[in-house]
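A.B. asks: I have a structure I would like to understand better, so I am pasting it below and will then ask my questions one at a time.
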Amino acid sequence: MVGLSLMAIFVIFFVVLNRQEAKEARWFAGLWALSVLAFGLPNALRTPHTIVLDESGELIFKSLLPKRAFHAKDLISIKARFLSTSLYFKFKKGKVTVINGINGLSQLIWLVKDINPNVQTKGC
């Protein structure tokens, strides 16, 4: 989804700025696209696509870049962000932002609350 959005924006910039009198603006569009890719792509690759709660109570967030693992007892809060399109998991030693479209996310939150009843939930 992020890739398609970036491509659409880049195509719009290219079409609008592809006139003869706007040659300098093409450089700006190219630099803009490179900066969006340089800063946005790593963040998109770190976004988890799968969350696993194992038997020991460890939450494993799997993404295209290396997975991250935290114990459920270290979870402080789960909050909705960006008009409830993503969830923000805050741990004692880190944080993870997850897209809200992961299957079984509501059941996972209930299981985590069974392990750690002190978890604050807001908007989820």
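FYI, nothing fancy with the structure tokens labels: chains A, B, ... in order, residues from 1 per chain, ligands from 1 as they appear.
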Please provide as a list in words all residues within 12 Å of Asp54 in chain A, with the sequence filter that same-chain residues fewer than 5 positions apart are discarded (counting only C-alpha atoms).
C.D. replies: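 Everything that qualifies: Leu59, Ile60, Phe61, Ala69, Phe70, His71, Ala72, Leu108, Leu111, Val112 and Ile115 of chain A.
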A.B. asks: Please save N, CA and C atoms of the selected residues as a PDB file, in the first residue's frame.
C.D. replies:
ATOM      1  N   LEU A  59       5.964 -11.895  23.054  1.00  0.00           N
ATOM      2  CA  LEU A  59       5.360 -11.377  21.830  1.00  0.00           C
ATOM      3  C   LEU A  59       6.458 -11.223  20.785  1.00  0.00           C
ATOM      4  N   ILE A  60       6.275 -11.876  19.640  1.00  0.00           N
ATOM      5  CA  ILE A  60       7.258 -11.813  18.559  1.00  0.00           C
ATOM      6  C   ILE A  60       6.618 -11.073  17.395  1.00  0.00           C
ATOM      7  N   PHE A  61       7.211  -9.952  17.017  1.00  0.00           N
ATOM      8  CA  PHE A  61       6.733  -9.132  15.913  1.00  0.00           C
ATOM      9  C   PHE A  61       7.602  -9.437  14.695  1.00  0.00           C
ATOM     10  N   ALA A  69      11.282  -9.071  19.613  1.00  0.00           N
ATOM     11  CA  ALA A  69      10.572  -9.858  20.624  1.00  0.00           C
ATOM     12  C   ALA A  69      10.601  -9.125  21.955  1.00  0.00           C
ATOM     13  N   PHE A  70       9.452  -9.137  22.624  1.00  0.00           N
ATOM     14  CA  PHE A  70       9.293  -8.534  23.942  1.00  0.00           C
ATOM     15  C   PHE A  70       8.428  -9.469  24.769  1.00  0.00           C
ATOM     16  N   HIS A  71       8.617  -9.465  26.066  1.00  0.00           N
ATOM     17  CA  HIS A  71       7.768 -10.269  26.944  1.00  0.00           C
ATOM     18  C   HIS A  71       6.475  -9.510  27.223  1.00  0.00           C
ATOM     19  N   ALA A  72       5.373 -10.220  27.272  1.00  0.00           N
ATOM     20  CA  ALA A  72       4.057  -9.596  27.474  1.00  0.00           C
ATOM     21  C   ALA A  72       3.972  -8.885  28.821  1.00  0.00           C
ATOM     22  N   LEU A 108      -5.555 -11.454  20.255  1.00  0.00           N
ATOM     23  CA  LEU A 108      -4.214 -11.317  20.819  1.00  0.00           C
ATOM     24  C   LEU A 108      -4.214 -10.332  21.980  1.00  0.00           C
ATOM     25  N   LEU A 111      -5.572 -12.067  25.004  1.00  0.00           N
ATOM     26  CA  LEU A 111      -4.596 -12.999  25.568  1.00  0.00           C
ATOM     27  C   LEU A 111      -3.498 -12.256  26.327  1.00  0.00           C
ATOM     28  N   VAL A 112      -3.059 -11.137  25.788  1.00  0.00           N
ATOM     29  CA  VAL A 112      -2.029 -10.343  26.463  1.00  0.00           C
ATOM     30  C   VAL A 112      -2.576  -9.778  27.767  1.00  0.00           C
ATOM     31  N   ILE A 115      -2.364 -12.314  30.465  1.00  0.00           N
ATOM     32  CA  ILE A 115      -1.004 -12.464  30.997  1.00  0.00           C
ATOM     33  C   ILE A 115      -0.614 -11.259  31.841  1.00  0.00           C
TER      34      ILE A 115
END
A.B. asks: What's around Pro66 in chain A at 12 Å? Count only C-alpha atoms, leave out sequence neighbours fewer than 6 positions away in its own chain, and write the answer as a ChimeraX atom specification.
C.D. replies: /A:42,45-49,60
A.B. asks: Between CA of Ala80 in chain A and CA of Gly57 in chain A, measure the distance and give it in Å to one decimal.
C.D. replies: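 CA of Gly57 in chain A lies 22.3 Å from CA of Ala80 in chain A.
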A.B. asks: If DSSP is run on the backbone, what residues of range 27-100 of chain A are helix (DSSP H, G or I)? A reply as a list in words would be ideal.
C.D. replies: Trp27, Phe28, Ala29, Gly30, Leu31, Trp32, Ala33, Leu34, Ser35, Val36, Leu37, Ala38, Phe39, Gly40, Leu41, Pro42, Asn43, Ala44, Leu45, Arg46, Ala72, Lys73 and Asp74 of chain A
A.B. asks: Write the residues you've just listed into a file as a PDB file, in the first residue's frame, and include C-alpha atoms for each of them.
C.D. replies:
ATOM      1  CA  TRP A  27      15.342  17.562 -10.275  1.00  0.00           C
ATOM      2  CA  PHE A  28      13.254  18.548  -7.296  1.00  0.00           C
ATOM      3  CA  ALA A  29      10.761  15.734  -8.020  1.00  0.00           C
ATOM      4  CA  GLY A  30      13.586  13.218  -8.303  1.00  0.00           C
ATOM      5  CA  LEU A  31      15.220  14.345  -5.068  1.00  0.00           C
ATOM      6  CA  TRP A  32      11.852  14.346  -3.334  1.00  0.00           C
ATOM      7  CA  ALA A  33      11.146  10.767  -4.471  1.00  0.00           C
ATOM      8  CA  LEU A  34      14.597   9.614  -3.324  1.00  0.00           C
ATOM      9  CA  SER A  35      14.195  11.243   0.080  1.00  0.00           C
ATOM     10  CA  VAL A  36      10.748   9.674   0.550  1.00  0.00           C
ATOM     11  CA  LEU A  37      12.203   6.272  -0.319  1.00  0.00           C
ATOM     12  CA  ALA A  38      15.258   6.789   1.899  1.00  0.00           C
ATOM     13  CA  PHE A  39      13.200   7.697   4.958  1.00  0.00           C
ATOM     14  CA  GLY A  40       9.910   5.896   4.326  1.00  0.00           C
ATOM     15  CA  LEU A  41      11.053   2.544   2.992  1.00  0.00           C
ATOM     16  CA  PRO A  42      13.029   1.408   6.067  1.00  0.00           C
ATOM     17  CA  ASN A  43      10.075   2.322   8.286  1.00  0.00           C
ATOM     18  CA  ALA A  44       7.696   0.402   6.035  1.00  0.00           C
ATOM     19  CA  LEU A  45      10.000  -2.638   6.063  1.00  0.00           C
ATOM     20  CA  ARG A  46      10.120  -2.564   9.892  1.00  0.00           C
ATOM     21  CA  ALA A  72       4.057  -9.596  27.474  1.00  0.00           C
ATOM     22  CA  LYS A  73       4.715  -8.686  31.123  1.00  0.00           C
ATOM     23  CA  ASP A  74       6.867  -5.768  29.904  1.00  0.00           C
TER      24      ASP A  74
END
A.B. asks: If we count only C-alpha atoms and set the cut-off at 8 Å, which residues sit around Thr85 in chain A, ignoring sequence neighbours fewer than 3 positions away in its own chain? Please answer as a PyMOL selection string.
C.D. replies: chain A and resi 80-82+99-101
A.B. asks: Let's have the selection written as a PDB file, in the first residue's frame, with C-alpha atoms.
C.D. replies:
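result.pdb was written with the following content:
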ATOM      1  CA  ALA A  80      -4.807   3.285  18.615  1.00  0.00           C
ATOM      2  CA  ARG A  81      -3.037   5.807  16.394  1.00  0.00           C
ATOM      3  CA  PHE A  82      -3.792   7.630  13.154  1.00  0.00           C
ATOM      4  CA  ILE A  99      -1.081  -1.911  11.201  1.00  0.00           C
ATOM      5  CA  ASN A 100      -4.571  -2.614  12.519  1.00  0.00           C
ATOM      6  CA  GLY A 101      -5.414  -5.079   9.717  1.00  0.00           C
TER       7      GLY A 101
END
A.B. asks: Find the residues around Ser84 in chain A up to 12 Å (only C-alpha atoms counted), leave out those fewer than 5 positions away in its own chain, and share them as a compact mmCIF listing (two decimals) with N, CA and C atoms, in the first residue's frame.
C.D. replies:
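out.txt was written with the following content:
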# COMPACT_ATOMS: atom_id res chain seq x y z
N ILE A 78 -1.31 -0.35 24.97
CA ILE A 78 -1.66 -0.54 23.56
C ILE A 78 -2.65 0.57 23.23
N LYS A 79 -2.28 1.42 22.27
CA LYS A 79 -3.13 2.56 21.92
C LYS A 79 -3.33 2.63 20.42
N THR A 97 4.93 -0.17 16.28
CA THR A 97 3.70 0.27 15.64
C THR A 97 3.25 -0.82 14.69
N VAL A 98 1.99 -1.21 14.80
CA VAL A 98 1.43 -2.32 14.02
C VAL A 98 0.22 -1.81 13.24
N ILE A 99 0.10 -2.25 11.99
CA ILE A 99 -1.08 -1.91 11.20
C ILE A 99 -2.26 -2.69 11.76
N ASN A 100 -3.40 -2.04 11.86
CA ASN A 100 -4.57 -2.61 12.52
C ASN A 100 -5.24 -3.73 11.73
N GLY A 101 -4.77 -4.06 10.54
CA GLY A 101 -5.41 -5.08 9.72
C GLY A 101 -4.90 -6.49 9.92
N LYS A 122 -6.28 1.74 24.90
CA LYS A 122 -7.03 2.95 24.56
C LYS A 122 -7.34 2.93 23.06
N GLY A 123 -8.64 2.91 22.76
CA GLY A 123 -9.04 2.98 21.37
C GLY A 123 -8.95 1.69 20.60
N CYS A 124 -8.74 0.57 21.29
CA CYS A 124 -8.66 -0.70 20.56
C CYS A 124 -9.57 -1.74 21.17
A.B. asks: Would you kindly return, as a list in words, each protein, DNA or RNA residue with an atom no farther than 10 Å from any atom of Lys95 in chain A, considering only C-alpha atoms and excluding same-chain residues fewer than 5 positions away?
C.D. replies: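 After dropping sequence-adjacent residues, the list is Arg68, Phe70, Leu75, Ile76, Ser77, Ile78, Tyr88, Phe89 and Lys90 of chain A.
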